[in-house]
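Engineer: For reference, the file work_39.cif (mmCIF, C-alpha atoms and all ligand atoms) is included below:
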data_coords
loop_
_atom_site.label_atom_id
_atom_site.label_comp_id
_atom_site.auth_asym_id
_atom_site.auth_seq_id
_atom_site.Cartn_x
_atom_site.Cartn_y
_atom_site.Cartn_z
CA MET A 1 33.22 -6.56 -53.48
CA LYS A 2 29.77 -6.86 -55.00
CA ALA A 3 28.78 -9.43 -52.35
CA GLY A 4 30.05 -7.06 -49.63
CA LEU A 5 27.83 -4.27 -50.96
CA VAL A 6 24.81 -6.58 -50.96
CA VAL A 7 25.49 -7.57 -47.32
CA LEU A 8 25.82 -3.89 -46.36
CA ALA A 9 22.54 -3.04 -48.11
CA VAL A 10 20.74 -5.90 -46.33
CA LEU A 11 22.14 -4.74 -42.97
CA ALA A 12 21.07 -1.15 -43.64
CA VAL A 13 17.52 -2.27 -44.45
CA ALA A 14 17.43 -4.38 -41.26
CA VAL A 15 18.57 -1.43 -39.11
CA LEU A 16 15.99 0.88 -40.72
CA ALA A 17 13.25 -1.70 -40.15
CA ALA A 18 14.25 -2.04 -36.47
CA VAL A 19 14.21 1.76 -35.97
CA ALA A 20 10.82 2.02 -37.69
CA GLY A 21 9.53 -0.77 -35.43
CA CYS A 22 10.65 1.07 -32.28
CA VAL A 23 9.00 4.30 -33.43
CA ALA A 24 5.78 2.42 -34.20
CA LEU A 25 5.83 0.76 -30.76
CA SER A 26 6.35 4.02 -28.90
CA ARG A 27 3.57 5.70 -30.93
CA ARG A 28 1.28 2.80 -30.10
CA SER A 29 1.98 3.20 -26.37
CA THR A 30 1.24 6.94 -26.47
CA ALA A 31 -2.04 6.40 -28.25
CA ALA A 32 -2.95 3.52 -25.96
CA THR A 33 -2.27 5.67 -22.86
CA LYS A 34 -4.99 8.10 -23.83
CA THR A 35 -7.50 5.32 -24.61
CA VAL A 36 -6.87 3.44 -21.37
CA THR A 37 -7.08 6.51 -19.12
CA ALA A 38 -10.32 7.56 -20.76
CA LYS A 39 -11.84 4.10 -20.17
CA ILE A 40 -11.00 3.66 -16.47
CA PRO A 41 -13.93 4.57 -14.26
CA GLY A 42 -12.77 6.72 -11.29
CA ARG A 43 -9.55 7.44 -9.40
CA VAL A 44 -6.73 4.90 -9.67
CA ALA A 45 -4.15 3.65 -7.11
CA VAL A 46 -1.30 1.26 -7.88
CA VAL A 47 -0.45 -0.58 -4.64
CA PHE A 48 2.58 -2.89 -4.86
CA TYR A 49 5.36 -4.69 -3.04
CA SER A 50 8.70 -5.28 -4.75
CA GLN A 51 11.60 -6.89 -2.94
CA SER A 52 14.54 -7.65 -5.21
CA LYS A 53 17.16 -5.15 -6.33
CA VAL A 54 15.91 -5.64 -9.89
CA ARG A 55 12.46 -4.39 -8.82
CA SER A 56 10.49 -6.22 -11.50
CA THR A 57 7.13 -5.70 -9.80
CA GLY A 58 8.05 -2.07 -9.13
CA THR A 59 8.84 -1.58 -12.82
CA VAL A 60 5.48 -3.02 -13.88
CA ALA A 61 3.77 -0.82 -11.24
CA GLU A 62 5.42 2.25 -12.79
CA TRP A 63 4.26 1.23 -16.28
CA ILE A 64 0.69 0.81 -15.01
CA ALA A 65 0.78 4.19 -13.26
CA ARG A 66 2.12 5.84 -16.41
CA HIS A 67 -0.67 4.40 -18.55
CA THR A 68 -3.53 4.96 -16.12
CA GLY A 69 -2.58 8.21 -14.38
CA GLY A 70 -2.72 6.23 -11.11
CA ASP A 71 -0.93 7.09 -7.84
CA LEU A 72 1.93 4.73 -6.88
CA LEU A 73 1.61 3.42 -3.31
CA GLU A 74 4.50 1.12 -2.38
CA LEU A 75 4.15 -1.33 0.51
CA GLU A 76 7.28 -1.26 2.68
CA MET A 77 8.03 -3.66 5.50
CA ALA A 78 8.78 -2.25 8.95
CA GLU A 79 11.66 -4.77 9.04
CA PRO A 80 12.65 -5.76 5.49
CA TYR A 81 13.73 -9.31 4.68
CA PRO A 82 17.49 -9.90 5.09
CA GLU A 83 19.58 -8.99 2.02
CA PRO A 84 21.32 -12.22 0.94
CA TYR A 85 19.05 -14.18 -1.42
CA GLY A 86 19.31 -17.40 0.58
CA ALA A 87 18.28 -15.60 3.79
CA THR A 88 15.30 -13.99 2.05
CA LEU A 89 14.15 -17.37 0.73
CA LYS A 90 14.37 -18.93 4.18
CA ALA A 91 12.58 -16.11 6.05
CA ALA A 92 9.92 -15.77 3.34
CA GLU A 93 9.23 -19.50 3.20
CA LYS A 94 8.63 -19.49 6.95
CA ASP A 95 6.24 -16.52 6.66
CA VAL A 96 4.33 -17.92 3.65
CA SER A 97 3.88 -21.36 5.18
CA SER A 98 2.78 -20.01 8.59
CA GLY A 99 0.50 -17.33 7.08
CA ALA A 100 2.44 -14.61 8.93
CA LEU A 101 1.42 -10.98 8.49
CA PRO A 102 4.65 -8.98 8.84
CA ALA A 103 4.27 -5.35 9.93
CA LEU A 104 4.34 -2.65 7.25
CA LYS A 105 5.67 0.89 7.69
CA ALA A 106 2.13 2.01 6.83
CA ILE A 107 -1.08 0.67 5.34
CA PRO A 108 -1.92 3.14 2.56
CA SER A 109 -5.37 4.69 2.78
CA LEU A 110 -7.48 4.00 -0.28
CA ASP A 111 -10.18 6.53 0.54
CA GLY A 112 -11.29 8.21 -2.66
CA TYR A 113 -9.83 5.52 -4.95
CA ASP A 114 -12.21 3.45 -7.09
CA VAL A 115 -9.78 1.21 -9.00
CA VAL A 116 -6.82 -0.42 -7.25
CA PHE A 117 -4.04 -2.25 -9.08
CA LEU A 118 -2.41 -4.68 -6.63
CA GLY A 119 1.04 -6.05 -7.43
CA SER A 120 3.34 -8.62 -5.86
CA PRO A 121 6.21 -10.90 -6.78
CA VAL A 122 5.08 -14.55 -6.79
CA TRP A 123 6.58 -16.16 -3.71
CA TYR A 124 6.10 -19.90 -3.25
CA GLY A 125 3.21 -19.81 -5.68
CA THR A 126 1.28 -16.91 -4.14
CA TYR A 127 1.58 -13.23 -3.11
CA ALA A 128 4.40 -12.13 -0.78
CA PRO A 129 3.64 -11.82 2.98
CA PRO A 130 3.68 -7.97 3.02
CA VAL A 131 0.83 -8.11 0.48
CA ALA A 132 -0.96 -10.58 2.78
CA THR A 133 -0.70 -7.95 5.55
CA PHE A 134 -2.21 -5.33 3.25
CA LEU A 135 -5.03 -7.65 2.15
CA ALA A 136 -5.84 -8.52 5.78
CA ALA A 137 -6.51 -4.83 6.49
CA ASP A 138 -9.60 -5.16 4.25
CA ALA A 139 -8.86 -1.90 2.46
CA LEU A 140 -10.19 -3.24 -0.85
CA ALA A 141 -13.86 -3.80 0.03
CA GLY A 142 -16.08 -2.13 -2.56
CA LYS A 143 -13.17 -1.39 -4.96
CA THR A 144 -12.42 -2.69 -8.43
CA VAL A 145 -9.15 -4.62 -8.09
CA ALA A 146 -6.75 -5.46 -10.93
CA PRO A 147 -4.06 -7.87 -9.66
CA PHE A 148 -0.61 -8.13 -11.27
CA CYS A 149 2.46 -10.19 -10.46
CA THR A 150 5.96 -10.98 -11.63
CA HIS A 151 7.51 -14.42 -11.26
CA GLY A 152 10.79 -16.22 -11.85
CA GLY A 153 9.51 -18.65 -14.47
CA GLY A 154 6.94 -20.63 -12.52
CA GLY A 155 3.99 -18.49 -13.64
CA ALA A 156 1.29 -16.85 -11.54
CA GLY A 157 0.53 -20.02 -9.59
CA ARG A 158 -2.23 -19.48 -7.04
CA PHE A 159 -1.74 -15.69 -7.06
CA PRO A 160 -4.94 -14.72 -8.99
CA ALA A 161 -7.18 -17.13 -7.05
CA ASP A 162 -5.62 -16.17 -3.71
CA VAL A 163 -6.18 -12.43 -4.32
CA ARG A 164 -9.79 -13.15 -5.27
CA LYS A 165 -10.26 -15.19 -2.09
CA ALA A 166 -8.67 -12.50 0.10
CA CYS A 167 -10.98 -9.67 -0.99
CA PRO A 168 -14.51 -11.07 -1.33
CA GLY A 169 -16.04 -7.59 -1.10
CA ALA A 170 -14.22 -6.35 -4.20
CA THR A 171 -14.74 -6.78 -7.95
CA VAL A 172 -11.58 -8.59 -9.03
CA LEU A 173 -10.53 -8.39 -12.69
CA GLU A 174 -8.29 -10.70 -14.76
CA ALA A 175 -4.76 -10.79 -13.38
CA LEU A 176 -1.60 -9.86 -15.31
CA SER A 177 1.38 -12.16 -14.87
CA LEU A 178 4.81 -11.29 -16.31
CA ARG A 179 8.14 -12.95 -15.92
CA GLY A 180 10.57 -10.85 -13.84
CA SER A 181 14.09 -9.99 -14.97
CA ASN A 182 17.11 -11.70 -13.67
CA GLN A 183 20.21 -9.61 -12.96
CA ILE A 184 21.82 -10.29 -16.35
CA GLU A 185 18.76 -9.34 -18.36
CA ARG A 186 18.44 -6.17 -16.29
CA ARG A 187 22.10 -5.26 -16.79
CA LEU A 188 21.65 -5.63 -20.52
CA ASP A 189 18.60 -3.37 -20.22
CA LEU A 190 16.34 -5.95 -21.84
CA GLY A 191 13.32 -4.98 -19.76
CA VAL A 192 11.19 -7.10 -17.46
CA GLY A 193 12.27 -10.66 -18.14
CA ALA A 194 13.41 -9.65 -21.62
CA ARG A 195 10.24 -11.33 -22.79
CA HIS A 196 7.84 -8.62 -21.77
CA THR A 197 7.49 -4.95 -22.54
CA GLU A 198 5.33 -2.04 -21.54
CA ASP A 199 3.05 -3.01 -24.44
CA ASP A 200 2.05 -6.21 -22.63
CA VAL A 201 0.74 -3.95 -19.87
CA VAL A 202 -1.10 -1.74 -22.35
CA ASP A 203 -2.71 -4.79 -24.01
CA TRP A 204 -3.88 -6.04 -20.61
CA LEU A 205 -5.26 -2.62 -19.63
CA ASP A 206 -7.10 -2.40 -22.93
CA ARG A 207 -8.56 -5.85 -22.36
CA ILE A 208 -9.77 -5.41 -18.77
CA PHE A 209 -11.17 -1.92 -19.26
CA ARG A 210 -12.74 -2.53 -22.65
CA PRO A 211 -16.15 -0.81 -22.52
C1 LIG B 1 11.23 -15.83 -1.43
C2 LIG B 1 11.05 -15.98 -2.91
C3 LIG B 1 10.15 -16.93 -3.40
C4 LIG B 1 9.93 -17.04 -4.78
N1 LIG B 1 9.02 -17.97 -5.23
C5 LIG B 1 8.78 -18.04 -6.57
C6 LIG B 1 7.81 -18.98 -7.06
O1 LIG B 1 7.14 -19.71 -6.33
N2 LIG B 1 7.62 -19.04 -8.42
C7 LIG B 1 8.34 -18.25 -9.28
O2 LIG B 1 8.14 -18.34 -10.49
N3 LIG B 1 9.25 -17.34 -8.83
C8 LIG B 1 9.48 -17.21 -7.50
N4 LIG B 1 10.38 -16.28 -7.05
C9 LIG B 1 10.99 -15.32 -8.01
C10 LIG B 1 10.26 -13.97 -7.98
O3 LIG B 1 8.86 -14.14 -8.09
C11 LIG B 1 10.70 -13.05 -9.15
O4 LIG B 1 12.09 -12.90 -9.13
C12 LIG B 1 9.99 -11.69 -9.09
O5 LIG B 1 10.00 -11.14 -10.39
C13 LIG B 1 10.69 -10.72 -8.13
O6 LIG B 1 9.99 -9.49 -8.12
P1 LIG B 1 10.62 -8.17 -7.48
O7 LIG B 1 11.83 -7.80 -8.32
O8 LIG B 1 9.56 -7.13 -7.61
O9 LIG B 1 10.96 -8.45 -6.05
C14 LIG B 1 10.63 -16.18 -5.68
C15 LIG B 1 11.56 -15.26 -5.18
C16 LIG B 1 11.77 -15.15 -3.81
C17 LIG B 1 12.77 -14.13 -3.29
#
Show how you would write the structure in this file as C-alpha cells.
Structural biologist:
Amino acid sequence: MKAGLVVLAVLAVAVLAAVAGCVALSRRSTAATKTVTAKIPGRVAVVFYSQSKVRSTGTVAEWIARHTGGDLLELEMAEPYPEPYGATLKAAEKDVSSGALPALKAIPSLDGYDVVFLGSPVWYGTYAPPVATFLAADALAGKTVAPFCTHGGGGAGRFPADVRKACPGATVLEALSLRGSNQIERRLDLGVGARHTEDDVVDWLDRIFRP
C-alpha cells in the first residue's frame, strides 16, 4: 500500500514536470518569434516543394513562416509525380539523373522580397527536380537565401552545396536539415521525424539572423 502511494507520487511529479516542460517550450517559441522577426532584414518569402502525403517539408515551411512572418509560396508541378511510392522513385530518379526541369504550375514572383527561404525534400542526395526548375529561373539573384530540407535518414547530402552552386548571385546562408516523418510517426503526431520540433527551426533562425 505504502509502495503504491510512493509510485503514484513519483508518477504525479513526472506528469507535472512534463506539463511544465511543454509550457516552457511554448513560451520559448513565442518569445523567439518576436526576436527572430525583429532581426530579419526586409520582406520574407518561404518558397518550398513538398511531395509526400506526410508533407514534412511543407510542415517545416509553415513553421518558418510562422516565426518570420514570411509569405508561403508552394511550388506545384504542372504534372505531379505518380502517386504510388515506387512510381515516384522511378520517375524522380530519371529526372534527377538527367537534370530534367519539369514544368511548374507557376514560378512565383519574388519581386519585393529580400529574404527567401528555399525548401525541398532531399531526393537522391540533392533538391527535388521541381526546385531545380525554380532555381533555373534565376529568381534568387540579389536575394538572401536560407535553404532548408527534410530527408529520410540520409542527411542533407549535396543539398546545401547544390543550392549554393545554383544561385551564384545570391547570399546563401547556412542550411537547415531535418529528418522527415514517416507515416507511423505522423499518425502518432510525433512531429517531423519525431526527432525534431519547431524549436529546432527557431534555434536555426536565431543562429543565421544573429546580428
Ligand atoms: C524520389 C525520392 C528520393 C529520395 N531520396 C532520398 C535521399 O537521397 N536521402 C534521404 O535521406 N531521403 C530520401 N528520400 C526521402 C525524403 O527526402 C523524405 O521522406 C522527405 O522528408 C520527404 O519530404 P516531403 O514530405 O516534403 O515530400 C527520398 C524520397 C523520394 C520520394
Engineer: Please identify the residues whose atoms come within 8 Å of ligand LIG 1 (chain B), using only C-alpha atoms and all ligand atoms, and report them as a VMD selection string.
Structural biologist: chain A and resid 49 to 59 85 88 to 93 120 to 126 128 149 to 157 178 to 182
Engineer: Considering only C-alpha atoms, can you say which of A:Gly119, A:Gly112, A:Gly42, A:Pro82 comes closest to Glu62 (chain A)?
Structural biologist: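 Among A:Gly119, A:Gly112, A:Gly42, A:Pro82, it is A:Gly119 that comes nearest to Glu62 (chain A).
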Engineer: Any idea what the distance is between CA of Trp63 (chain A) and CA of Ala45 (chain A)?
Structural biologist: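 That distance, rounded to one decimal, is 12.7 Å.
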Engineer: Pick the closest to Leu173 (chain A) from A:Ile64, A:Val47, A:Ile40, A:Ala146: which is it, counting all atoms listed in the file?
Structural biologist: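 Of all the options, A:Ala146 lies closest to Leu173 (chain A).
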Engineer: Tell me, counting only C-alpha atoms, for each residue of region 111-167 of chain A within 12 Å of region 65-69 of chain A, which pair of atoms is nearest and how far apart they are in Å to one decimal, in rows ordered by chain and increasing number, as CSV.
Structural biologist:
residue,atom,partner,partner_atom,distance
A:Val115,CA,A:Thr68,CA,10.2
A:Val116,CA,A:Ala65,CA,10.7
A:Phe117,CA,A:Ala65,CA,9.1
A:Leu118,CA,A:Ala65,CA,11.5
A:Gly119,CA,A:Ala65,CA,11.8
Engineer: Could you check the closest approach to Lys143 (chain A) for each of A:Gly86, A:Val44, A:Ile107, A:Val201 and tell me which residue wins, using all atoms listed in the file?
Structural biologist: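 The answer is A:Val44, which sits nearest to Lys143 (chain A).
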Engineer: Do you have the CA of Thr171 (chain A)-CA of Gly193 (chain A) distance handy?
Structural biologist: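 Between CA of Thr171 (chain A) and CA of Gly193 (chain A) the gap is 29.1 Å.
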Engineer: What does the distance from CA of Lys39 (chain A) to CA of Thr144 (chain A) come to in Å, to one decimal?
Structural biologist: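 Answer for the CA of Lys39 (chain A) to CA of Thr144 (chain A) separation: 13.6 Å.
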Engineer: Could you tell me which of A:Asp111, A:Val60, A:Pro130, A:Ala194 comes closest to Ala78 (chain A) if we count all atoms listed in the file?
Structural biologist: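 Closest candidate: A:Pro130.
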